[in-house]
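The next block holds one structure in the form of structure tokens; read it before the comments.
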Amino acid sequence: MSTLIDIRELSVRIDLPGGPAYPVRDVSLSVAPGETLGLVGESGCGKTLTCLSVVGLLGRRVSIDGGDISFQGAPVDPNDPEDRRRRSRGMGIIFQNPMSCLNPVRTLGWQAAEAYQIRTGESRRIARARAVELLDLVGIPEPRRRAADYPHQVSGGQQQRAMIAMAIAGSPALLVADEPTTALDVTVEAQIVELLARLQREIGMGILFVTHDLGLVAEIADRVAVMYAGRVVELAPAADLFARPNHPYTRGLLDSLPYLDDEVERLTPIEGKVPPLHAMPPGCAFAPRCDRASDRCRAQPALTRQSREPGIRDRSVACHHTIDKTTEAA
Amino acid sequence: MRMSAETTSAPVPADPNADAPAPRGEPFWRMPALVWLAAGFLVLVALIATFAQVLTPFAYEDTNLLYRLKPPFWSPLSMEGHVLGTDKLGRDLLSRLLVATQVSIALALLGTLIGAVLGTALGILAAHYGGIVDEIVMMLVDWQAAMPFLIIALAVLAFFGNNFYLFLALMGLAGWETYARLTRGLVLSAREQGYALAVRALGARPWRLYTRHILPNVIGPLIVQLTLNFPQTILLETSLSFLGLGIQPPLTSLGQMLGEGRDYLLTSWWLAVIPGAVIFITTLSMSLFGDWLRTRLDPTQR
């Protein structure tokens, strides 16, 4: 299977006054063309930094500390702005808050046209015509009139649609969606998710879909990666992950969700909280909250291992005491 | 940015009877009477500065030693034609005043624009590159802010001799540091906005990011700074010309007229008072208007 983007053991470093911190450590992910990879985890677990590493938009004190990213078969040089620009022609990104991600002094049509122009190098005139088509494609009614509107004149859902129009201008191969529906209400969320699925079918792009909403991921992702404190703790096809979670953290997440057909009175939360960046435990970061933790967990982090289950490929977990005994460390 | 439930929800047909306030704040004609006066005077000054050559009844440099120091129209000794009287060489004061206004306004305008462009560019550079570039620009800003610029200008003009372009360059250098500091701060915060990130994610080059996205977003405070800086530049020009280091005769400026008139303050006071009043009212109007503009454009002061 060819991969669109391949991330190998990516680590991200932030230089803080008290010394460097590593909010992303040894993350390995890949997205194939036409595939949706869901990336889930709590706030601050490194989801967004992973996305920003992929598109090359890390801030000033944040840098890639190790690992390799390759995009469409070519290795990515994170320090070369020209390389980032080359990559950006093949990648679109949608951010969490559409209101702040659209330029308030430019019209929606202007911004969509500009996105198309930057990606394709076409003339302004062609780009302007394409912009209206793009707004139409993302389901904005009366695209010709809306193209003349400023961001504050349209609703949050329409803003996010315009943002998506900018991201898919020039048909990129990969769409990075960083919590695209978090700022929207539930009905609009459903529309946006449906729109992304339709665009994926039409353009055939791979999607890296970041969210903290497990229900949403179950709906749209082919495979799911669960992140905790900067590491991918479990990676599995969506159906398998929800049917048989293998990492205690994944199971904890699923247990804390309400189900319609369950009779339980109280949900089971995961006790405790994520360890702060500057005080990561030496062993597994989840050990202090894990009911299966042993001395070994507290001493050394578990390595990511591929599943040895027959019939299941592409499933990995990082735990000393997995729930499924066949994958447990020797 | 102003945001309200009305402006963010999906567009609804506007109700013509709704007595709602205008969506973009007060319309400009609702400004206070004083600001109206200031704006009116500024328009008058702008017209004079543009059409001075057409308006002058006499050539401003024509001397007539037979009719020296004639008083203005209100005096019984005034001369037909010379509405504001004549100066020590018998030159028509009104004509000189019009040309002097033109020269002073043009110098101040050019100087302010040079300072604004230079300061804004340096502010963007400092914000973009950070690190050593930022350090150097901010060091220059601090240096400029700490030195009394009038003294520097005097030293430079005394050392290199007077020349129009040098004088103009000094006008431009007078206020650049306020723009640099302001722009740097505005750009630093705008860079972190989502839209800047989104444009960079598209693969836009920095030039496009700054000129087409960030600058249009931060231009408001810069324009206000321009209106506040403009009177200062006028005062700098008039101060230097008053001291004889600015505009040289036969060309004239408001400050130079003031300086020449000073010698006759006891006998022909209007020679100094009239240009002085023009300087005073122009700078005051500009400040009043600039203040009003700042209050209006700044959402926190509304």
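Ligands are numbered from 1 in the order shown, chains are lettered A, B, ... in the order of the structure tokens, and residues start at 1 in each chain.
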| request: Just the residues within 7 Å of Thr3 of chain A, please, counting only C-alpha atoms, with nothing from its chain fewer than 6 positions along; format it as JSON, numbers by chain. | output: {"A": [30, 31, 32, 33]}
| If we count only C-alpha atoms, which residues of chain A reach to within 7 Å of chain B? Please list them as a ChimeraX atom specification. | /A:55,57,85,88-89,92-93,100-103,105,115,118-119,152-155
| request: Write out as a PyMOL selection string each polymer residue whose atoms come within 8 Å of segment 147-155 of chain B, counting only C-alpha atoms; drop sequence neighbours fewer than 5 positions from it. | output: chain B and resi 170+174+236+240+245
Which residues come within 9 Å of segment 286-299 of chain A, counting only C-alpha atoms, excluding same-chain residues fewer than 5 positions away, as a short mmCIF file (atom, residue, chain, number, x, y, z; two decimals) with N, CA and C atoms, in the first residue's frame?
data_model
loop_
_atom_site.label_atom_id
_atom_site.label_comp_id
_atom_site.auth_asym_id
_atom_site.auth_seq_id
_atom_site.Cartn_x
_atom_site.Cartn_y
_atom_site.Cartn_z
N TYR A 228 -1.50 9.76 24.04
CA TYR A 228 -1.53 10.13 25.45
C TYR A 228 -0.17 10.72 25.83
N ALA A 229 -0.18 11.93 26.36
CA ALA A 229 1.03 12.60 26.84
C ALA A 229 2.16 12.54 25.81
N PRO A 248 -4.97 0.13 28.21
CA PRO A 248 -5.85 0.52 29.32
C PRO A 248 -6.38 1.94 29.16
N TYR A 249 -5.58 2.83 28.56
CA TYR A 249 -6.05 4.20 28.39
C TYR A 249 -7.20 4.25 27.38
N GLY A 252 -10.19 3.05 29.07
CA GLY A 252 -10.66 4.07 29.99
C GLY A 252 -11.47 5.14 29.26
N ILE A 270 -11.63 8.39 34.03
CA ILE A 270 -10.26 7.99 34.32
C ILE A 270 -9.79 8.87 35.46
N GLU A 271 -9.38 8.24 36.56
CA GLU A 271 -8.95 9.02 37.72
C GLU A 271 -7.66 9.77 37.42
N GLY A 272 -7.46 10.87 38.16
CA GLY A 272 -6.20 11.61 38.03
C GLY A 272 -6.18 12.48 36.79
N LYS A 273 -5.02 13.03 36.49
CA LYS A 273 -4.91 13.87 35.30
C LYS A 273 -3.57 13.65 34.60
N VAL A 274 -3.48 14.23 33.40
CA VAL A 274 -2.27 14.04 32.60
C VAL A 274 -1.08 14.67 33.32
N PRO A 275 0.04 13.95 33.43
CA PRO A 275 1.20 14.57 34.08
C PRO A 275 1.67 15.79 33.29
N PRO A 281 6.71 11.22 34.23
CA PRO A 281 7.32 10.11 34.97
C PRO A 281 8.32 9.36 34.09
N CYS A 319 2.17 -0.92 25.58
CA CYS A 319 1.78 -1.18 26.96
C CYS A 319 2.45 -2.46 27.43
N HIS A 320 2.84 -2.48 28.70
CA HIS A 320 3.41 -3.71 29.26
C HIS A 320 2.34 -4.72 29.59
N HIS A 321 1.15 -4.23 29.88
CA HIS A 321 0.09 -5.13 30.34
C HIS A 321 -1.16 -4.90 29.52
N THR A 322 -1.10 -5.27 28.26
CA THR A 322 -2.24 -5.04 27.39
C THR A 322 -3.44 -5.86 27.84
#
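Checking B:Leu209, B:Met79, B:Leu251, B:Ile114 one by one against Gln102 of chain B, counting only C-alpha atoms, you find the shortest gap at B:Leu251.
Shell of segment 15-28 of chain A at 6 Å, with only C-alpha atoms counted and residues fewer than 6 places along the chain excluded, is Ile7, Arg8, Glu9, Gly46, Arg61, Gly230, Arg231 and Val232 of chain A.
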| field | For Gly111 of chain B: contacts at 10 Å, only C-alpha atoms, fewer than 3 positions along chain excluded, given as an MDAnalysis selection string | value | chainID B and resid 105:108 114:116 167:176 229:230 233:234 237
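All residues of protein, DNA or RNA that reach within 9 Å of Ser63 of chain A, judged by only C-alpha atoms and not counting those fewer than 3 positions away in the chain, are Ser11, Val12, Arg13, Ile14, Asp15, Ser53, Leu58, Gly59, Arg60, Pro78 and Asn79 of chain A.
Using only C-alpha atoms, the shortest contact distance between Trp36 of chain B and any of B:Ser104, B:Thr56, B:Thr120, B:Ser285 is found at B:Ser285.
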